[in-house]
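Enquirer: Sending over a structure as structure tokens; questions will come in a sec.
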Amino acid sequence: MPPPLSRDKPILGIDLGTTNTCVAHVRNRIPRVVPTDKGSLILPSVVALSSRGDFLVGGAAKDQLLTNPRNTIYGAKRLIGRKFNSRVVQDLRSYYSYDIVEGPQGEAAVSLGDRVYGLPEISGMVLAHVKKIAEAFLGRPMPQAIISVPAYYNDNQRHAVKEAGRLAGFDVKRIVNEPTAAALAYGFNRGLDQRVLVYDLGGGTCDISVLQLQQNVFEVLATGGDTFLGGVDFDNRIIDWALDQFWREHKVDLAQSPIALQRVKKAAEAAKIDLSLIPNTVIDLPFVEERRGKPLDLRMPISRQQLEEITRDLVDRSFTLCDEVLEQKGISRGSIDEIILVGGQSRMPLVQQRIREHFGKPPRKGVHPDECVALGAALLGDSLDSIDSVTLVDVLSMPIGIAAPNDRMRRVLEKNQPIPATRSFRLPPPREPGKPIEIDIYQGDSDQIVDDEFLGSLRLPAAATGRRIDLKLDEECLLRVTFDDPERGMVEVPFATRDTPEALRRAIAEKTPPPGAAGAAPREQRRGIFGWLTRS
Ligand code: AMP
């Protein structure tokens, strides 16, 4: 076991990925990935409950996906910090093999054995596992962490990841955006003056960011992403293609058999990864189903060219995203000095070919797509409070605003606003004279709050009408709200609730006697709880 060096800080950089988690540490000023107990450098972000009632994490959990799919939780990163009723969660419910249920605050949660677990608990188990592995490898306690998140994560998701870190026993020093961490891994202490585009195509999402690097100042100029575009979408195309072929051949729908479908999913991803290296492969699943007592095999050759044909539009979408991000700030393609690839799906040869066509230069070699985010997070951790520390100038990826009449969002903090930042507005009058003022805060790109993410409600006294309220974003892009109290000056306003309006509505309905019964609150009065919201 390597002896610890006294200068080295007890802080880990962790890339908590959709598919895999990678952890790094800076020793002797050099960032290195910490190998898992199985010798690999990445740990599957999977948690499972075995048939014997034990929790499994990582490879052991992934191994039981086929035999115990309902008790094997993967892809938690797509669910964490999201509301159960959100579009993403509802879409994933039909795709994931485990039960996604509604948690007590209207958030997405999962059912495992006979208990419901919050996603921070699930991700917390992955983080606790990497903490244990890193401590065993480094031979010392590792109480601190920097955890990376997609630039496109909203305030709820960031809080949920911080909570996961806390549940794992970490003091989470910073949440850092993944593209920023990747750029750090590339440019830290190299004295560069370059404009860099980070193209991150991971398991579940696609994130594009443009950064200006000047010495150790990393300034994000623009960022954008698609939370519905990632490796799983490529897998799904292969799965659909294979199921279709199988149906034509045998008139058997493999989607009806959970175990067969799980085997096809695994084989489809393996074939996709093979095709990044070799031009042809075969999806070969003996005895995938049976018909009238006779075993049916699935054996389908697939070429790289076929894969490219059925997924070309997905790759095209990622480049439309690149253009949109550049256009936001009027940045020309030609002014990009380097393109850094992040995320496993960026290894697809078609992606690399399209990078060359689109930007007129190949992607930068030497930046490892699976490791650079963790390495950058570790470098940031090591440089915190140091003389040669880095300066990160990040931006807000999605507007934040308040609910306004007609279910509209009034933007207060705009997209691409550099952070930290503070923006102020004046408090509107209460809906009913003399009653507290309720303000609902939302984050998202849409002008309609129904399409945005609800962050929480603020409740202020009626006397606060017309006073100033500040929305403050810290360097982690976490939101705080302060209010100009007539007597005490600027004071912090805690969120009265982070429950969704729907969860509140239900809670109130449960507490309220049925209509007509003595003491039932008039409907109009109950609606007042939701502040400006007029949805019925
Ligand atoms: P990440 O979230 O960065 O761990 O990315 C994981 C995604 O990358 C998964 O969808 C993998 O199937 C995909 N992936 C990993 N390696 C390759 C490869 N060599 N070629 C294509 N896709 C890959």
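So you can find residues: chains in the structure tokens are A, B, ... in the order shown, residues in each start at 1, and ligands are numbered from 1 in order.
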Kindly work out which residues sit at most 7 Å from ligand 1, using only C-alpha atoms and all ligand atoms, and give the list as a PyMOL selection string.
Expert: chain A and resi 17-20+201-204+230-232+269+272-274+276+342-348+370
Enquirer: Excluding same-chain residues fewer than 6 positions from range 187-200 of chain A, what lies within 10 Å of it counting only C-alpha atoms, as a ChimeraX atom specification?
Expert: /A:150,178-181,206-223,225,230,318-319,321-322,325-326,333,335-346,351,355,363-364,369,376,379-380,388-390
Enquirer: Please indicate the distance in Å from CA of Trp247 in chain A to CA of Gly293 in chain A, rounded to one decimal place.
Expert: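 The value is 17.7 Å.
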Enquirer: For range 253-261 of chain A, please output as a list of chain:residue names all residues within 9 Å (counting only C-alpha atoms; exclusion window: fewer than 6 positions along the same chain).
Expert: A:Leu66, A:Thr67, A:Pro69, A:Ser97, A:Ile239, A:Leu243, A:Asp244, A:Phe246, A:Trp247, A:Val288, A:Glu289
Enquirer: Would you mind exporting the chosen residues as a PDB file, in the first residue's frame, restricted to C-alpha atoms?
Expert:
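Saved as part-v2.pdb:
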ATOM      1  CA  LEU A  66     -30.177 -10.492 -15.337  1.00  0.00           C
ATOM      2  CA  THR A  67     -31.394 -12.706 -12.537  1.00  0.00           C
ATOM      3  CA  PRO A  69     -33.761  -7.091 -12.367  1.00  0.00           C
ATOM      4  CA  SER A  97     -36.711  -2.869 -14.913  1.00  0.00           C
ATOM      5  CA  ILE A 239     -32.531  -3.338 -29.134  1.00  0.00           C
ATOM      6  CA  LEU A 243     -36.491  -7.256 -31.481  1.00  0.00           C
ATOM      7  CA  ASP A 244     -37.921  -6.333 -34.838  1.00  0.00           C
ATOM      8  CA  PHE A 246     -36.575 -11.532 -34.141  1.00  0.00           C
ATOM      9  CA  TRP A 247     -40.294 -10.845 -34.558  1.00  0.00           C
ATOM     10  CA  VAL A 288     -33.152 -16.580 -25.591  1.00  0.00           C
ATOM     11  CA  GLU A 289     -36.759 -17.803 -25.595  1.00  0.00           C
TER      12      GLU A 289
END
Enquirer: Could you pull out all residues of range 273-493 of chain A with a DSSP call of helix (DSSP H, G or I) and give them as a PyMOL selection string?
Expert: chain A and resi 273-274+304-328+333-335+344-347+349-359+372-383+405-407+449-451+462-464
Enquirer: For each of A:Glu476, A:Glu135, A:Asp407, A:Asp8, take the minimum atom-to-atom distance to Ser386 in chain A, counting only C-alpha atoms, then give the residue where this is smallest.
Expert: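 Selected residue with least distance to Ser386 in chain A: A:Asp8.
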Enquirer: What does the distance between CA of Pro461 in chain A and CA of Ala404 in chain A come to in Å, to one decimal place?
Expert: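 Pair CA of Pro461 in chain A / CA of Ala404 in chain A returns 18.5 Å.
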Enquirer: Mind checking which residues fall within 12 Å of Asp451 in chain A, counting only C-alpha atoms, ignoring those fewer than 4 positions away in the same chain, and posting them as a ChimeraX atom specification?
Expert: /A:83,85-88,403,407-409,442-447
Enquirer: Could you pull the residues within 12 Å of Thr36 in chain A, counting only C-alpha atoms, minus those fewer than 3 positions along the same chain, as a PyMOL selection string?
Expert: chain A and resi 20-24+33+39-44+57-59+129-138
Enquirer: Report as a PyMOL selection string: the residues of range 392-434 of chain A with a DSSP assignment of strand (DSSP E or B), based on the backbone of this structure.
Expert: chain A and resi 392-395+400-404+408-413+418-419+421-426
Enquirer: When you count only C-alpha atoms, which of these residues is closest to Gln262 in chain A: A:Tyr98, A:Phe170, A:Tyr117, A:Phe55?
Expert: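 Selected residue with least distance to Gln262 in chain A: A:Tyr98.
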Enquirer: Could you tell me how far CA of Glu327 in chain A lies from CA of Asn416 in chain A, in Å and to one decimal?
Expert: 12.3 Å
